[in-house]
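Here is the structure we will look at.
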Amino acid sequence: QVQLVESGGGLVQAGGSLSLSCAASGRTLSDYAMGWFRQAPGQEREFVAAISWSGTTTYYADSVKGRFTISRDNAKDTVYLQMNSLKPEDTAVYYCAGFTHPIIGTPYTYGRENEYDTWGQGTQVTVSS
């Protein structure tokens, strides 16, 4: 089983940028399709972005499309989330997650939280207005 550790969260002003990383250990990350989710206070966890095993296909929530970019470096066992033009409503704990089972790749399937069986502990992102 892979262990996932997020880093890169912090406090940033609206309009600024942050880059999150998710490092894997215990198993090669190339075995996993990966996603980022977030949970704001008092709200349910929601899908942010996902990337296929090879990195050739990506999916985004409408709320972040055009502002966030997910990428991966399988040689470094790391997945990234570049966040630009941040808004106060992006404030949340951000989680990376992964799954190994085959899937028909669509925005719907990659966005389903219960497809993911491995989760990191999360990193806090706070965007001030």
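Letters A, B, ... go to the chains of the structure tokens in the order shown; residues in each chain start at 1; ligands are counted from 1 in the same order.
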Counting only C-alpha atoms, what is within 7 Å of Gln124 in chain A, bar same-chain residues fewer than 5 positions away, as a count of residues only? 5
Leaving out range 26-43 of chain A and any residue of its chain fewer than 5 positions from it, which residues lie within 6 Å of it when counting only C-alpha atoms, given as JSON, numbers by chain? {"A": [2, 48, 49, 50, 51, 52, 53, 74, 77, 92, 93, 94, 95, 96, 97, 98, 99, 100]}
Can I get the selected residues back with C-alpha atoms, as a compact mmCIF listing (two decimals), in the first residue's frame?
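Result file again_35.txt:
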```
# COMPACT_ATOMS: atom_id res chain seq x y z
CA VAL A 2 1.31 3.42 -0.90
CA VAL A 48 -10.69 19.28 -7.64
CA ALA A 49 -8.60 17.54 -10.29
CA ALA A 50 -7.41 14.13 -11.44
CA ILE A 51 -4.76 12.64 -13.67
CA SER A 52 -4.45 9.26 -15.34
CA TRP A 53 -1.66 6.78 -14.67
CA ASN A 74 6.31 9.16 -11.96
CA ASP A 77 6.71 9.44 -7.35
CA ALA A 92 -9.80 24.34 2.26
CA VAL A 93 -7.80 21.33 3.32
CA TYR A 94 -6.45 19.74 0.15
CA TYR A 95 -6.06 15.98 -0.08
CA CYS A 96 -4.34 13.85 -2.65
CA ALA A 97 -5.73 10.39 -3.30
CA GLY A 98 -5.13 7.45 -5.58
CA PHE A 99 -6.55 4.21 -6.91
CA THR A 100 -5.16 1.26 -8.84
```
DSSP on the backbone, then: every residue of chain A marked strand (DSSP E), written as number ranges by chain. A: 3-7, 10-13, 18-25, 33-39, 46-51, 58-60, 68-73, 78-83, 92-99, 118-119, 123-128
Residues from last step as file, C-alpha atoms, as a PDB file, in the first residue's frame:
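Printed below is selection_30.pdb as written:
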```
ATOM      1  CA  GLN A   3       1.575   6.229   1.628  1.00  0.00           C
ATOM      2  CA  LEU A   4       0.772   9.735   0.392  1.00  0.00           C
ATOM      3  CA  VAL A   5       2.084  12.930   1.971  1.00  0.00           C
ATOM      4  CA  GLU A   6       0.940  16.362   0.837  1.00  0.00           C
ATOM      5  CA  SER A   7       2.985  19.519   1.204  1.00  0.00           C
ATOM      6  CA  GLY A  10      -0.067  27.854   3.346  1.00  0.00           C
ATOM      7  CA  LEU A  11      -1.517  31.326   3.459  1.00  0.00           C
ATOM      8  CA  VAL A  12      -1.717  33.413   0.298  1.00  0.00           C
ATOM      9  CA  GLN A  13      -3.523  36.537  -0.787  1.00  0.00           C
ATOM     10  CA  LEU A  18       0.546  28.021  -4.533  1.00  0.00           C
ATOM     11  CA  SER A  19       1.982  24.719  -5.643  1.00  0.00           C
ATOM     12  CA  LEU A  20       1.016  21.567  -3.786  1.00  0.00           C
ATOM     13  CA  SER A  21       2.959  18.328  -3.919  1.00  0.00           C
ATOM     14  CA  CYS A  22       1.930  14.800  -3.060  1.00  0.00           C
ATOM     15  CA  ALA A  23       4.817  12.408  -2.515  1.00  0.00           C
ATOM     16  CA  ALA A  24       4.334   8.667  -2.521  1.00  0.00           C
ATOM     17  CA  SER A  25       6.281   6.024  -0.670  1.00  0.00           C
ATOM     18  CA  ALA A  33      -4.377   7.165 -10.992  1.00  0.00           C
ATOM     19  CA  MET A  34      -4.339  10.257  -8.807  1.00  0.00           C
ATOM     20  CA  GLY A  35      -6.646  13.020  -7.766  1.00  0.00           C
ATOM     21  CA  TRP A  36      -6.868  16.097  -5.595  1.00  0.00           C
ATOM     22  CA  PHE A  37      -9.876  16.803  -3.423  1.00  0.00           C
ATOM     23  CA  ARG A  38     -10.598  19.577  -0.954  1.00  0.00           C
ATOM     24  CA  GLN A  39     -12.778  20.153   2.060  1.00  0.00           C
ATOM     25  CA  GLU A  46     -15.211  17.844  -3.227  1.00  0.00           C
ATOM     26  CA  PHE A  47     -13.296  16.852  -6.317  1.00  0.00           C
ATOM     27  CA  VAL A  48     -10.691  19.283  -7.642  1.00  0.00           C
ATOM     28  CA  ALA A  49      -8.598  17.544 -10.293  1.00  0.00           C
ATOM     29  CA  ALA A  50      -7.411  14.126 -11.440  1.00  0.00           C
ATOM     30  CA  ILE A  51      -4.764  12.637 -13.673  1.00  0.00           C
ATOM     31  CA  THR A  58      -6.533  15.214 -16.817  1.00  0.00           C
ATOM     32  CA  TYR A  59      -9.886  16.254 -15.392  1.00  0.00           C
ATOM     33  CA  TYR A  60     -10.902  19.352 -13.475  1.00  0.00           C
ATOM     34  CA  PHE A  68      -5.371  24.915 -11.501  1.00  0.00           C
ATOM     35  CA  THR A  69      -3.094  22.411 -13.232  1.00  0.00           C
ATOM     36  CA  ILE A  70      -2.504  18.845 -12.127  1.00  0.00           C
ATOM     37  CA  SER A  71       0.641  17.035 -13.210  1.00  0.00           C
ATOM     38  CA  ARG A  72       2.745  14.091 -12.195  1.00  0.00           C
ATOM     39  CA  ASP A  73       6.337  12.935 -12.301  1.00  0.00           C
ATOM     40  CA  THR A  78       5.091  12.842  -6.991  1.00  0.00           C
ATOM     41  CA  VAL A  79       1.885  14.503  -8.107  1.00  0.00           C
ATOM     42  CA  TYR A  80       1.512  18.267  -8.223  1.00  0.00           C
ATOM     43  CA  LEU A  81      -1.289  20.783  -8.146  1.00  0.00           C
ATOM     44  CA  GLN A  82      -0.366  24.234  -9.397  1.00  0.00           C
ATOM     45  CA  MET A  83      -2.954  26.743  -8.201  1.00  0.00           C
ATOM     46  CA  ALA A  92      -9.803  24.336   2.261  1.00  0.00           C
ATOM     47  CA  VAL A  93      -7.801  21.327   3.319  1.00  0.00           C
ATOM     48  CA  TYR A  94      -6.455  19.743   0.149  1.00  0.00           C
ATOM     49  CA  TYR A  95      -6.060  15.983  -0.079  1.00  0.00           C
ATOM     50  CA  CYS A  96      -4.344  13.853  -2.655  1.00  0.00           C
ATOM     51  CA  ALA A  97      -5.727  10.395  -3.299  1.00  0.00           C
ATOM     52  CA  GLY A  98      -5.127   7.454  -5.582  1.00  0.00           C
ATOM     53  CA  PHE A  99      -6.551   4.211  -6.910  1.00  0.00           C
ATOM     54  CA  THR A 118      -5.642   5.663  -0.683  1.00  0.00           C
ATOM     55  CA  TRP A 119      -5.594   9.141   0.863  1.00  0.00           C
ATOM     56  CA  THR A 123      -2.573  20.226   3.670  1.00  0.00           C
ATOM     57  CA  GLN A 124      -4.267  23.506   4.574  1.00  0.00           C
ATOM     58  CA  VAL A 125      -4.634  26.225   1.956  1.00  0.00           C
ATOM     59  CA  THR A 126      -5.914  29.592   3.115  1.00  0.00           C
ATOM     60  CA  VAL A 127      -6.624  32.423   0.701  1.00  0.00           C
ATOM     61  CA  SER A 128      -7.144  35.842   2.241  1.00  0.00           C
TER      62      SER A 128
END
```
Using DSSP assignments from the backbone, pull out every residue in chain A that falls under alpha helix (DSSP H) and give it to me as a list in words. Pro107, Tyr108, Thr109 and Tyr110 of chain A
Distance CA of Ile103 in chain A-CA of Val64 in chain A, one decimal place? 23.3 Å
For CA of Gly105 in chain A and CA of Ser63 in chain A, the interatomic separation in Å (one decimal):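 According to the coordinates, CA of Gly105 in chain A and CA of Ser63 in chain A are separated by 20.0 Å.
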Here is a test: counting only C-alpha atoms, which residue of A:Gly120, A:Gly55, A:Ala14, A:Glu44 is nearest to Glu89 in chain A? A:Ala14
For Ser17 in chain A, list every protein, DNA or RNA residue within 7 Å, evaluated using only C-alpha atoms, and leave out those in the same chain fewer than 5 positions away; present the list as a list of chain:residue names.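 Surrounding residues, per the criterion: A:Met83, A:Asn84, A:Ser85, A:Leu86.
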Would you write out those residues with N, CA and C atoms, as a PDB file, in the first residue's frame?
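Output below, filename result-v7.pdb:
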```
ATOM      1  N   MET A  83      -1.737  25.956  -8.399  1.00  0.00           N
ATOM      2  CA  MET A  83      -2.954  26.743  -8.201  1.00  0.00           C
ATOM      3  C   MET A  83      -2.630  28.210  -8.437  1.00  0.00           C
ATOM      4  N   ASN A  84      -3.253  28.784  -9.438  1.00  0.00           N
ATOM      5  CA  ASN A  84      -3.063  30.190  -9.775  1.00  0.00           C
ATOM      6  C   ASN A  84      -4.368  30.949  -9.597  1.00  0.00           C
ATOM      7  N   SER A  85      -4.273  32.243  -9.557  1.00  0.00           N
ATOM      8  CA  SER A  85      -5.451  33.113  -9.424  1.00  0.00           C
ATOM      9  C   SER A  85      -6.351  32.634  -8.288  1.00  0.00           C
ATOM     10  N   LEU A  86      -5.760  32.400  -7.162  1.00  0.00           N
ATOM     11  CA  LEU A  86      -6.507  31.848  -6.033  1.00  0.00           C
ATOM     12  C   LEU A  86      -7.551  32.819  -5.522  1.00  0.00           C
TER      13      LEU A  86
END
```
Could you state the separation of CA of Ala75 in chain A and CA of His101 in chain A in Å, given to one decimal place?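 Straight-line distance from CA of Ala75 in chain A to CA of His101 in chain A works out to 20.7 Å.
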